[in-house]
Amino acid sequence: MTVRPIRLFGDPVLRTPAEPVAVFDDALRALVADLEDTVREPGRAGVAAPQIGVSLRAFSYNVGGEVGHLINPVLAGLDGEQDDEEGCLSLPGMGYPTPRAWAVTATGFDQFGEPVTISGTGLLARALQHETDHLDGRLYIDTLKGDTRRQALRDLRRTRPAPRP
């Protein structure tokens, strides 16, 4: 379908909890196609609907050559820890060690309303957590702690305009 532009930090849609998908129709399938086309661009591991300006609980992922999507995700079975560098398309040029669970199971639906379960470790687990955070109006910088958080906020103030209320 279409590679959609990514909304950047400061856009209110990124801080607004997304609405659950209630209707699994052609419009939703078009959104999923756009999400999957958008995530196939080089260097992308995930794209959430709010990042393309749509406040619905849907995201796509592209990890290890596997492209997929999840609608109305719920995370469970978070286990272990990882603290690798994480970035975000909505905060280009920034990246910080970000605490995440090493393993996670996500349940939700596919574009046709069929139940889906995705279990992942490492980068896939990180992507599932990161994209689900977007659907809750959270950015990865919100999960940072201590000196890393302070550095990220300093960098953000220095390189980005303040978000509009």
# chains A, B, ... in the order shown; residues from 1 in each chain; ligands from 1
$ residues_around --residues "region 91-104 of chain A" --least-positions-apart "3" --cutoff "7 Å" --atoms "only C-alpha atoms" --output "list in words"
Leu8, Phe9, Leu75, Ala76, Gly77, Leu78, Asp79, Gly80, Glu81, Gln82, Asp83, Asp84, Glu85, Glu86, Gly87, Cys88, Ser119, Gly120, Thr121, Gly122, Ala125, Arg126, Thr143 and Leu144 of chain A
$ write_last_selection --atoms "C-alpha atoms" --output "mmCIF file, in the first residue's frame"
data_model
loop_
_atom_site.group_PDB
_atom_site.id
_atom_site.type_symbol
_atom_site.label_atom_id
_atom_site.label_comp_id
_atom_site.auth_asym_id
_atom_site.auth_seq_id
_atom_site.Cartn_x
_atom_site.Cartn_y
_atom_site.Cartn_z
ATOM 1 C CA LEU A 8 7.937 12.989 15.595
ATOM 2 C CA PHE A 9 8.295 13.782 19.279
ATOM 3 C CA LEU A 75 1.711 -8.448 27.048
ATOM 4 C CA ALA A 76 2.255 -11.279 29.534
ATOM 5 C CA GLY A 77 4.958 -13.659 30.638
ATOM 6 C CA LEU A 78 7.629 -10.976 30.862
ATOM 7 C CA ASP A 79 10.783 -12.730 32.004
ATOM 8 C CA GLY A 80 14.457 -11.945 32.422
ATOM 9 C CA GLU A 81 16.182 -8.658 31.718
ATOM 10 C CA GLN A 82 18.003 -6.926 28.896
ATOM 11 C CA ASP A 83 19.465 -3.442 28.822
ATOM 12 C CA ASP A 84 20.516 -2.930 25.210
ATOM 13 C CA GLU A 85 20.494 0.364 23.352
ATOM 14 C CA GLU A 86 17.074 1.312 22.061
ATOM 15 C CA GLY A 87 15.980 4.064 19.721
ATOM 16 C CA CYS A 88 12.736 5.262 18.212
ATOM 17 C CA SER A 119 6.366 -15.203 21.906
ATOM 18 C CA GLY A 120 9.754 -13.619 21.531
ATOM 19 C CA THR A 121 13.116 -13.080 23.137
ATOM 20 C CA GLY A 122 15.815 -10.480 22.629
ATOM 21 C CA ALA A 125 10.655 -9.068 22.867
ATOM 22 C CA ARG A 126 12.072 -5.530 22.902
ATOM 23 C CA THR A 143 11.288 3.872 30.866
ATOM 24 C CA LEU A 144 14.812 5.207 31.396
#
$ residues_around --residues "Phe24 (chain A)" --least-positions-apart "3" --cutoff "10 Å" --atoms "only C-alpha atoms" --output "number ranges by chain"
A: 21, 27-29, 71, 109-114
$ write_last_selection --atoms "N, CA and C atoms" --output "mmCIF file, in the first residue's frame"
data_model
loop_
_atom_site.group_PDB
_atom_site.id
_atom_site.type_symbol
_atom_site.label_atom_id
_atom_site.label_comp_id
_atom_site.auth_asym_id
_atom_site.auth_seq_id
_atom_site.Cartn_x
_atom_site.Cartn_y
_atom_site.Cartn_z
ATOM 1 N N VAL A 21 -9.114 -1.438 18.706
ATOM 2 C CA VAL A 21 -9.760 -1.719 17.422
ATOM 3 C C VAL A 21 -11.031 -2.508 17.720
ATOM 4 N N ALA A 27 -10.836 -1.070 6.023
ATOM 5 C CA ALA A 27 -10.053 0.089 6.468
ATOM 6 C C ALA A 27 -8.927 -0.359 7.408
ATOM 7 N N LEU A 28 -9.214 -1.302 8.292
ATOM 8 C CA LEU A 28 -8.174 -1.819 9.179
ATOM 9 C C LEU A 28 -7.120 -2.574 8.375
ATOM 10 N N ARG A 29 -7.544 -3.368 7.409
ATOM 11 C CA ARG A 29 -6.584 -4.110 6.594
ATOM 12 C C ARG A 29 -5.693 -3.158 5.791
ATOM 13 N N ILE A 71 -2.915 -6.608 16.623
ATOM 14 C CA ILE A 71 -4.000 -5.675 16.925
ATOM 15 C C ILE A 71 -4.426 -5.902 18.381
ATOM 16 N N PHE A 109 -4.834 -9.893 18.065
ATOM 17 C CA PHE A 109 -5.574 -10.354 16.894
ATOM 18 C C PHE A 109 -4.830 -9.988 15.623
ATOM 19 N N ASP A 110 -5.103 -10.742 14.563
ATOM 20 C CA ASP A 110 -4.593 -10.362 13.254
ATOM 21 C C ASP A 110 -5.604 -9.431 12.587
ATOM 22 N N GLN A 111 -5.326 -9.035 11.364
ATOM 23 C CA GLN A 111 -6.165 -8.058 10.665
ATOM 24 C C GLN A 111 -7.569 -8.572 10.351
ATOM 25 N N PHE A 112 -7.786 -9.880 10.506
ATOM 26 C CA PHE A 112 -9.099 -10.468 10.240
ATOM 27 C C PHE A 112 -9.876 -10.749 11.524
ATOM 28 N N GLY A 113 -9.275 -10.404 12.673
ATOM 29 C CA GLY A 113 -9.930 -10.627 13.952
ATOM 30 C C GLY A 113 -9.667 -11.997 14.548
ATOM 31 N N GLU A 114 -8.730 -12.737 13.964
ATOM 32 C CA GLU A 114 -8.373 -14.058 14.488
ATOM 33 C C GLU A 114 -7.353 -13.905 15.617
#
$ select_by_dssp --residues "region 27-132 of chain A" --states "alpha helix (DSSP H)" --output "PyMOL selection string"
chain A and resi 27-39+122-132
$ closest_residue --among "A:Tyr61, A:Gly10, A:Val23, A:Val3" --to "Gln129 (chain A)" --atoms "only C-alpha atoms"
A:Tyr61
$ closest_residue --among "A:Gln151, A:Thr16, A:Asn62, A:Ser90" --to "Leu124 (chain A)" --atoms "only C-alpha atoms"
A:Asn62
$ closest_residue --among "A:Arg15, A:Tyr140, A:Phe59, A:Arg150" --to "Glu36 (chain A)" --atoms "only C-alpha atoms"
A:Phe59
$ atom_distance --atom1 "CA of Arg57 (chain A)" --atom2 "CA of Thr132 (chain A)"
8.1 Å
$ select_by_dssp --residues "region 28-141 of chain A" --states "strand (DSSP E or B)" --output "PyMOL selection string"
chain A and resi 46-48+56+58-63+66-79+82+85-87+95-97+100+103-109+115-121
$ atom_distance --atom1 "CA of Gly137 (chain A)" --atom2 "CA of Glu66 (chain A)"
25.5 Å
$ residues_around --residues "region 42-53 of chain A" --least-positions-apart "4" --cutoff "8 Å" --atoms "only C-alpha atoms" --output "list of chain:residue names"
A:Arg4, A:Pro5, A:Ile6, A:Arg7, A:Leu8, A:Val13, A:Leu14, A:Ala18, A:Leu31, A:Leu35, A:Thr38, A:Arg57, A:Ala58, A:Phe59, A:Ser60, A:Tyr61, A:Asn62, A:Val63, A:Leu89, A:Ser90, A:Ala127, A:Glu131, A:Thr132, A:His134, A:Leu135
$ write_last_selection --atoms "N, CA and C atoms" --output "tab-separated table (two decimals), in the first residue's frame"
chain	number	residue	atom	x	y	z
A	4	ARG	N	4.15	5.30	5.10
A	4	ARG	CA	3.62	6.53	5.69
A	4	ARG	C	4.71	7.27	6.46
A	5	PRO	N	4.63	8.62	6.49
A	5	PRO	CA	5.61	9.39	7.27
A	5	PRO	C	5.43	9.14	8.77
A	6	ILE	N	6.55	9.21	9.48
A	6	ILE	CA	6.56	8.97	10.93
A	6	ILE	C	6.34	10.28	11.67
A	7	ARG	N	5.42	10.26	12.62
A	7	ARG	CA	5.20	11.42	13.49
A	7	ARG	C	6.35	11.52	14.48
A	8	LEU	N	6.78	12.75	14.74
A	8	LEU	CA	7.94	12.99	15.60
A	8	LEU	C	7.54	13.47	16.98
A	13	VAL	N	-0.38	12.92	19.23
A	13	VAL	CA	-0.85	11.54	19.03
A	13	VAL	C	0.09	10.53	19.69
A	14	LEU	N	1.37	10.89	19.85
A	14	LEU	CA	2.33	9.98	20.45
A	14	LEU	C	2.16	9.85	21.96
A	18	ALA	N	-3.97	4.96	22.62
A	18	ALA	CA	-4.71	4.62	21.40
A	18	ALA	C	-6.00	3.87	21.75
A	31	LEU	N	-4.83	-0.15	6.86
A	31	LEU	CA	-3.91	0.37	7.87
A	31	LEU	C	-2.79	-0.62	8.13
A	35	LEU	N	1.17	-0.09	7.71
A	35	LEU	CA	2.12	-0.33	8.80
A	35	LEU	C	3.22	-1.28	8.35
A	38	THR	N	5.52	0.37	5.88
A	38	THR	CA	6.34	1.37	6.57
A	38	THR	C	7.45	0.71	7.37
A	57	ARG	N	-5.01	0.76	18.42
A	57	ARG	CA	-4.09	-0.19	19.04
A	57	ARG	C	-3.66	-1.25	18.02
A	58	ALA	N	-2.70	-0.87	17.19
A	58	ALA	CA	-2.17	-1.76	16.16
A	58	ALA	C	-0.71	-1.41	15.92
A	59	PHE	N	0.11	-2.43	15.66
A	59	PHE	CA	1.49	-2.18	15.27
A	59	PHE	C	1.98	-3.28	14.35
A	60	SER	N	3.08	-2.96	13.66
A	60	SER	CA	3.77	-3.96	12.85
A	60	SER	C	5.19	-4.09	13.38
A	61	TYR	N	5.81	-5.23	13.08
A	61	TYR	CA	7.19	-5.46	13.49
A	61	TYR	C	7.95	-6.11	12.34
A	62	ASN	N	9.27	-5.93	12.36
A	62	ASN	CA	10.15	-6.49	11.35
A	62	ASN	C	11.45	-6.89	12.05
A	63	VAL	N	11.50	-8.14	12.48
A	63	VAL	CA	12.64	-8.62	13.26
A	63	VAL	C	13.13	-9.93	12.64
A	89	LEU	N	11.88	5.71	16.01
A	89	LEU	CA	11.71	6.50	14.78
A	89	LEU	C	11.14	7.88	15.07
A	90	SER	N	10.39	8.02	16.16
A	90	SER	CA	9.80	9.31	16.51
A	90	SER	C	10.78	10.22	17.26
A	127	ALA	N	10.96	-5.23	20.75
A	127	ALA	CA	10.06	-4.57	19.80
A	127	ALA	C	8.61	-4.68	20.27
A	131	GLU	N	6.61	-1.21	21.01
A	131	GLU	CA	5.43	-0.83	20.22
A	131	GLU	C	4.17	-0.79	21.08
A	132	THR	N	4.05	-1.71	22.03
A	132	THR	CA	2.90	-1.67	22.94
A	132	THR	C	2.94	-0.40	23.78
A	134	HIS	N	4.00	2.47	22.79
A	134	HIS	CA	3.45	3.52	21.92
A	134	HIS	C	1.93	3.55	21.99
A	135	LEU	N	1.31	2.39	22.03
A	135	LEU	CA	-0.15	2.33	22.05
A	135	LEU	C	-0.72	2.85	23.36
$ atom_distance --atom1 "CA of Leu139 (chain A)" --atom2 "CA of Pro17 (chain A)"
11.3 Å
$ closest_residue --among "A:Thr2, A:Thr159, A:Thr117, A:Asn72" --to "Ala33 (chain A)" --atoms "only C-alpha atoms"
A:Thr2
$ decode --residues "region 24-103 of chain A" --atoms "C-alpha atoms" --output "PDB file, in the first residue's frame"
ATOM      1  CA  PHE A  24     -11.960  -5.636  11.573  1.00  0.00           C
ATOM      2  CA  ASP A  25     -12.783  -4.313   8.111  1.00  0.00           C
ATOM      3  CA  ASP A  26     -11.126  -3.213   4.873  1.00  0.00           C
ATOM      4  CA  ALA A  27     -10.053   0.089   6.468  1.00  0.00           C
ATOM      5  CA  LEU A  28      -8.174  -1.819   9.179  1.00  0.00           C
ATOM      6  CA  ARG A  29      -6.584  -4.110   6.594  1.00  0.00           C
ATOM      7  CA  ALA A  30      -5.423  -1.022   4.653  1.00  0.00           C
ATOM      8  CA  LEU A  31      -3.913   0.373   7.872  1.00  0.00           C
ATOM      9  CA  VAL A  32      -2.100  -2.926   8.512  1.00  0.00           C
ATOM     10  CA  ALA A  33      -0.765  -2.921   4.934  1.00  0.00           C
ATOM     11  CA  ASP A  34       0.544   0.632   5.456  1.00  0.00           C
ATOM     12  CA  LEU A  35       2.122  -0.328   8.796  1.00  0.00           C
ATOM     13  CA  GLU A  36       3.832  -3.335   7.235  1.00  0.00           C
ATOM     14  CA  ASP A  37       5.047  -1.328   4.227  1.00  0.00           C
ATOM     15  CA  THR A  38       6.338   1.371   6.570  1.00  0.00           C
ATOM     16  CA  VAL A  39       8.189  -1.080   8.842  1.00  0.00           C
ATOM     17  CA  ARG A  40       9.921  -2.692   5.844  1.00  0.00           C
ATOM     18  CA  GLU A  41      12.007   0.452   5.323  1.00  0.00           C
ATOM     19  CA  PRO A  42      15.677  -0.205   6.214  1.00  0.00           C
ATOM     20  CA  GLY A  43      16.616  -0.026   9.892  1.00  0.00           C
ATOM     21  CA  ARG A  44      13.098  -0.405  11.259  1.00  0.00           C
ATOM     22  CA  ALA A  45      12.071  -3.021  13.834  1.00  0.00           C
ATOM     23  CA  GLY A  46       8.564  -1.752  14.579  1.00  0.00           C
ATOM     24  CA  VAL A  47       5.979   0.898  13.777  1.00  0.00           C
ATOM     25  CA  ALA A  48       2.879   1.605  15.855  1.00  0.00           C
ATOM     26  CA  ALA A  49      -0.277   3.126  14.391  1.00  0.00           C
ATOM     27  CA  PRO A  50       0.094   6.351  16.444  1.00  0.00           C
ATOM     28  CA  GLN A  51       3.505   6.861  14.812  1.00  0.00           C
ATOM     29  CA  ILE A  52       1.727   7.248  11.475  1.00  0.00           C
ATOM     30  CA  GLY A  53      -0.985   9.442  12.987  1.00  0.00           C
ATOM     31  CA  VAL A  54      -3.656   6.800  13.645  1.00  0.00           C
ATOM     32  CA  SER A  55      -4.789   6.436  17.256  1.00  0.00           C
ATOM     33  CA  LEU A  56      -5.653   2.722  17.137  1.00  0.00           C
ATOM     34  CA  ARG A  57      -4.090  -0.192  19.040  1.00  0.00           C
ATOM     35  CA  ALA A  58      -2.168  -1.763  16.158  1.00  0.00           C
ATOM     36  CA  PHE A  59       1.489  -2.179  15.268  1.00  0.00           C
ATOM     37  CA  SER A  60       3.775  -3.959  12.846  1.00  0.00           C
ATOM     38  CA  TYR A  61       7.188  -5.456  13.487  1.00  0.00           C
ATOM     39  CA  ASN A  62      10.154  -6.489  11.345  1.00  0.00           C
ATOM     40  CA  VAL A  63      12.637  -8.625  13.261  1.00  0.00           C
ATOM     41  CA  GLY A  64      14.994 -11.178  11.757  1.00  0.00           C
ATOM     42  CA  GLY A  65      13.323 -10.866   8.368  1.00  0.00           C
ATOM     43  CA  GLU A  66       9.891 -11.678   9.818  1.00  0.00           C
ATOM     44  CA  VAL A  67       7.283  -8.974   9.226  1.00  0.00           C
ATOM     45  CA  GLY A  68       4.025  -9.188  11.140  1.00  0.00           C
ATOM     46  CA  HIS A  69       1.398  -7.198  12.971  1.00  0.00           C
ATOM     47  CA  LEU A  70      -0.682  -7.320  16.124  1.00  0.00           C
ATOM     48  CA  ILE A  71      -4.000  -5.675  16.925  1.00  0.00           C
ATOM     49  CA  ASN A  72      -5.121  -4.881  20.513  1.00  0.00           C
ATOM     50  CA  PRO A  73      -1.975  -6.434  22.049  1.00  0.00           C
ATOM     51  CA  VAL A  74      -1.722  -7.588  25.644  1.00  0.00           C
ATOM     52  CA  LEU A  75       1.711  -8.448  27.048  1.00  0.00           C
ATOM     53  CA  ALA A  76       2.255 -11.279  29.534  1.00  0.00           C
ATOM     54  CA  GLY A  77       4.958 -13.659  30.638  1.00  0.00           C
ATOM     55  CA  LEU A  78       7.629 -10.976  30.862  1.00  0.00           C
ATOM     56  CA  ASP A  79      10.783 -12.730  32.004  1.00  0.00           C
ATOM     57  CA  GLY A  80      14.457 -11.945  32.422  1.00  0.00           C
ATOM     58  CA  GLU A  81      16.182  -8.658  31.718  1.00  0.00           C
ATOM     59  CA  GLN A  82      18.003  -6.926  28.896  1.00  0.00           C
ATOM     60  CA  ASP A  83      19.465  -3.442  28.822  1.00  0.00           C
ATOM     61  CA  ASP A  84      20.516  -2.930  25.210  1.00  0.00           C
ATOM     62  CA  GLU A  85      20.494   0.364  23.352  1.00  0.00           C
ATOM     63  CA  GLU A  86      17.074   1.312  22.061  1.00  0.00           C
ATOM     64  CA  GLY A  87      15.980   4.064  19.721  1.00  0.00           C
ATOM     65  CA  CYS A  88      12.736   5.262  18.212  1.00  0.00           C
ATOM     66  CA  LEU A  89      11.713   6.497  14.785  1.00  0.00           C
ATOM     67  CA  SER A  90       9.803   9.307  16.513  1.00  0.00           C
ATOM     68  CA  LEU A  91      13.015  10.433  18.257  1.00  0.00           C
ATOM     69  CA  PRO A  92      15.557  10.126  15.433  1.00  0.00           C
ATOM     70  CA  GLY A  93      19.234  10.230  16.276  1.00  0.00           C
ATOM     71  CA  MET A  94      18.769   9.274  19.921  1.00  0.00           C
ATOM     72  CA  GLY A  95      19.525   5.926  21.548  1.00  0.00           C
ATOM     73  CA  TYR A  96      20.062   4.791  25.126  1.00  0.00           C
ATOM     74  CA  PRO A  97      20.402   1.553  27.096  1.00  0.00           C
ATOM     75  CA  THR A  98      16.777   0.773  27.920  1.00  0.00           C
ATOM     76  CA  PRO A  99      15.624  -1.812  30.464  1.00  0.00           C
ATOM     77  CA  ARG A 100      13.235  -4.385  28.995  1.00  0.00           C
ATOM     78  CA  ALA A 101      12.210  -7.952  29.683  1.00  0.00           C
ATOM     79  CA  TRP A 102      14.308 -10.526  27.790  1.00  0.00           C
ATOM     80  CA  ALA A 103      11.265 -12.662  26.935  1.00  0.00           C
TER      81      ALA A 103
END
